[in-house]
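Here is the structure we will look at.
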Amino acid sequence: MTAASPTLADLDPLCRLADAAARRLCRALRLPAQEREDIRQDLVCDLLHRLRRFDPARGDLRAFAAVAFRHRAARLAEQLRRERAGRAGVSLDDPLPGGGGLTVGDALLEEDGYGAWCGQSVDRIGALERRLDLEHAAAAAIAPEDLPLCAALAADTPHAVAKQGPLPRAVLYRRLREMRLRLLAAGIAAAA
């Protein structure tokens with residue numbers, strides 16, 4: 001096998017090695033079993049990226065892959081540890097400060113949603129005020145002639161609006177791009 005052209009037969013045992021490395025990482029970090037496939041794919045992709053640096057004269061492909069998997073798994077583990085350290089762990093059994101014996105779980109309502117369970121603020125008035133401020137800023141950034149287009153897009157997809165409306169598709173998408181740029185210039189980033 002050459003470094004530039006591994007065959008499927010060459011990669012099959014390496015995928016089994018990647019699966020074993022992913023299983024070890026999931027077990028060590030107490031990750032759910034469904035994470036194993038994502039980790040395995042990450043390990044294999046990293047190996048394929050490194051494969052151009054493999055020199056068969058210096059060693060075996062299996063040993064090269066094992067080292068690559070070990071290094072990538074260590075980086076993934078460190079990244080996950082940093083993410084976990086950055087999260088504030090809140091237990092529903094933790095006592096509220098000055099709560100007179102109440103716990104976090106006693107103070108939360110189910111309709112507050114998942115954010116409240118994770119310790120995020122559930123100030124509905126503040127959220128409403130932020131949404132209204134955002135809508136006001138967006139309305140100020142959008143040109144008045146684009147407001148009917150925004151209303152049409154709120155009800156349907158750009159494809160359907162272009163099909164129904166008087167605007168050609170290219171003009172519609174150009175105006176959408178211009179609106180996004182105006183919103184971005186006003187400090188309003190895309191939602192997704």
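Every chain in the structure tokens takes a letter, A first, then B, and so on in the order presented; its residues are numbered from 1, and the ligands are numbered from 1 following the presented order.
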Checklist entry - Any idea what's packed within 12 Å of Leu183 (chain A), counting only C-alpha atoms, ignoring anything in its chain fewer than 2 positions away? Could you give it as a ChimeraX atom specification? => result /A:134-143,176-181,185-191
Print the selection's residues with C-alpha atoms to a file, as a PDB file, in the first residue's frame.
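Contents of the output file part37.pdb:
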ATOM      1  CA  LEU A 134     -34.556  43.613  18.667  1.00  0.00           C
ATOM      2  CA  GLU A 135     -37.703  43.993  16.558  1.00  0.00           C
ATOM      3  CA  HIS A 136     -37.471  47.793  16.760  1.00  0.00           C
ATOM      4  CA  ALA A 137     -33.803  47.752  15.694  1.00  0.00           C
ATOM      5  CA  ALA A 138     -34.571  45.348  12.847  1.00  0.00           C
ATOM      6  CA  ALA A 139     -37.488  47.453  11.622  1.00  0.00           C
ATOM      7  CA  ALA A 140     -35.256  50.544  11.621  1.00  0.00           C
ATOM      8  CA  ALA A 141     -32.546  48.732   9.620  1.00  0.00           C
ATOM      9  CA  ILE A 142     -34.884  47.431   6.920  1.00  0.00           C
ATOM     10  CA  ALA A 143     -35.903  49.772   4.114  1.00  0.00           C
ATOM     11  CA  LEU A 176     -32.659  39.209   0.812  1.00  0.00           C
ATOM     12  CA  ARG A 177     -28.868  39.380   0.763  1.00  0.00           C
ATOM     13  CA  GLU A 178     -28.978  43.190   1.013  1.00  0.00           C
ATOM     14  CA  MET A 179     -31.421  43.006   3.946  1.00  0.00           C
ATOM     15  CA  ARG A 180     -29.170  40.522   5.758  1.00  0.00           C
ATOM     16  CA  LEU A 181     -26.190  42.811   5.255  1.00  0.00           C
ATOM     17  CA  ALA A 185     -24.418  46.245   9.926  1.00  0.00           C
ATOM     18  CA  ALA A 186     -27.035  47.218  12.535  1.00  0.00           C
ATOM     19  CA  GLY A 187     -25.583  44.585  14.887  1.00  0.00           C
ATOM     20  CA  ILE A 188     -28.280  41.959  14.358  1.00  0.00           C
ATOM     21  CA  ALA A 189     -26.698  38.629  13.467  1.00  0.00           C
ATOM     22  CA  ALA A 190     -28.509  35.779  11.730  1.00  0.00           C
ATOM     23  CA  ALA A 191     -30.502  33.486  14.025  1.00  0.00           C
TER      24      ALA A 191
END
Next on the checklist: Between A:Gly105, A:Arg75, A:Arg130, A:Arg124, which residue has the minimum interatomic distance to Asp93 (chain A), considering only C-alpha atoms?
Outcome noted: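 Smallest distance to Asp93 (chain A) is found for A:Gly105.
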Give me the residues within 7 Å of Arg36 (chain A) as a PDB file with N, CA, C and O atoms, in the first residue's frame, counting only C-alpha atoms and dropping any in the same chain fewer than 3 places off.
ATOM      1  N   ALA A  22     -12.717   5.011  20.247  1.00  0.00           N
ATOM      2  CA  ALA A  22     -13.917   5.781  20.585  1.00  0.00           C
ATOM      3  C   ALA A  22     -14.633   5.168  21.785  1.00  0.00           C
ATOM      4  O   ALA A  22     -15.122   5.887  22.667  1.00  0.00           O
ATOM      5  N   ARG A  23     -14.683   3.843  21.845  1.00  0.00           N
ATOM      6  CA  ARG A  23     -15.311   3.161  22.977  1.00  0.00           C
ATOM      7  C   ARG A  23     -14.557   3.470  24.277  1.00  0.00           C
ATOM      8  O   ARG A  23     -15.164   3.762  25.302  1.00  0.00           O
ATOM      9  N   CYS A  26     -15.293   7.128  25.299  1.00  0.00           N
ATOM     10  CA  CYS A  26     -16.654   7.252  25.858  1.00  0.00           C
ATOM     11  C   CYS A  26     -16.710   6.693  27.274  1.00  0.00           C
ATOM     12  O   CYS A  26     -17.347   7.275  28.153  1.00  0.00           O
ATOM     13  N   ALA A  33     -23.606   6.232  25.006  1.00  0.00           N
ATOM     14  CA  ALA A  33     -23.183   5.305  23.952  1.00  0.00           C
ATOM     15  C   ALA A  33     -23.399   5.892  22.557  1.00  0.00           C
ATOM     16  O   ALA A  33     -22.630   5.596  21.635  1.00  0.00           O
ATOM     17  N   ILE A  39     -17.620  10.188  17.624  1.00  0.00           N
ATOM     18  CA  ILE A  39     -16.202  10.229  17.983  1.00  0.00           C
ATOM     19  C   ILE A  39     -15.398   9.369  17.015  1.00  0.00           C
ATOM     20  O   ILE A  39     -14.322   9.761  16.559  1.00  0.00           O
ATOM     21  N   ARG A  40     -15.930   8.199  16.672  1.00  0.00           N
ATOM     22  CA  ARG A  40     -15.236   7.320  15.721  1.00  0.00           C
ATOM     23  C   ARG A  40     -15.055   8.022  14.384  1.00  0.00           C
ATOM     24  O   ARG A  40     -13.987   7.992  13.786  1.00  0.00           O
TER      25      ARG A  40
END
Next on the checklist: Please compute the CA of Arg82 (chain A)-CA of Asp38 (chain A) distance, one decimal, in Å.
Outcome noted: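 Rounded to one decimal, the two atoms are 18.7 Å apart.
Note that the spacing between CA of Pro158 (chain A) and CA of Tyr173 (chain A) amounts to 7.8 Å.
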Next on the checklist: Report, in Å to a single decimal, how far apart CA of Arg182 (chain A) and CA of Pro148 (chain A) are.
Outcome noted: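 CA of Arg182 (chain A) lies 16.5 Å from CA of Pro148 (chain A).
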Item to check | chain A: residues DSSP assigns to alpha helix (DSSP H), reported as a ChimeraX atom specification | outcome: /A:8-29,35-50,61-86,104-107,114-117,124-141,147-155,158-164,169-185
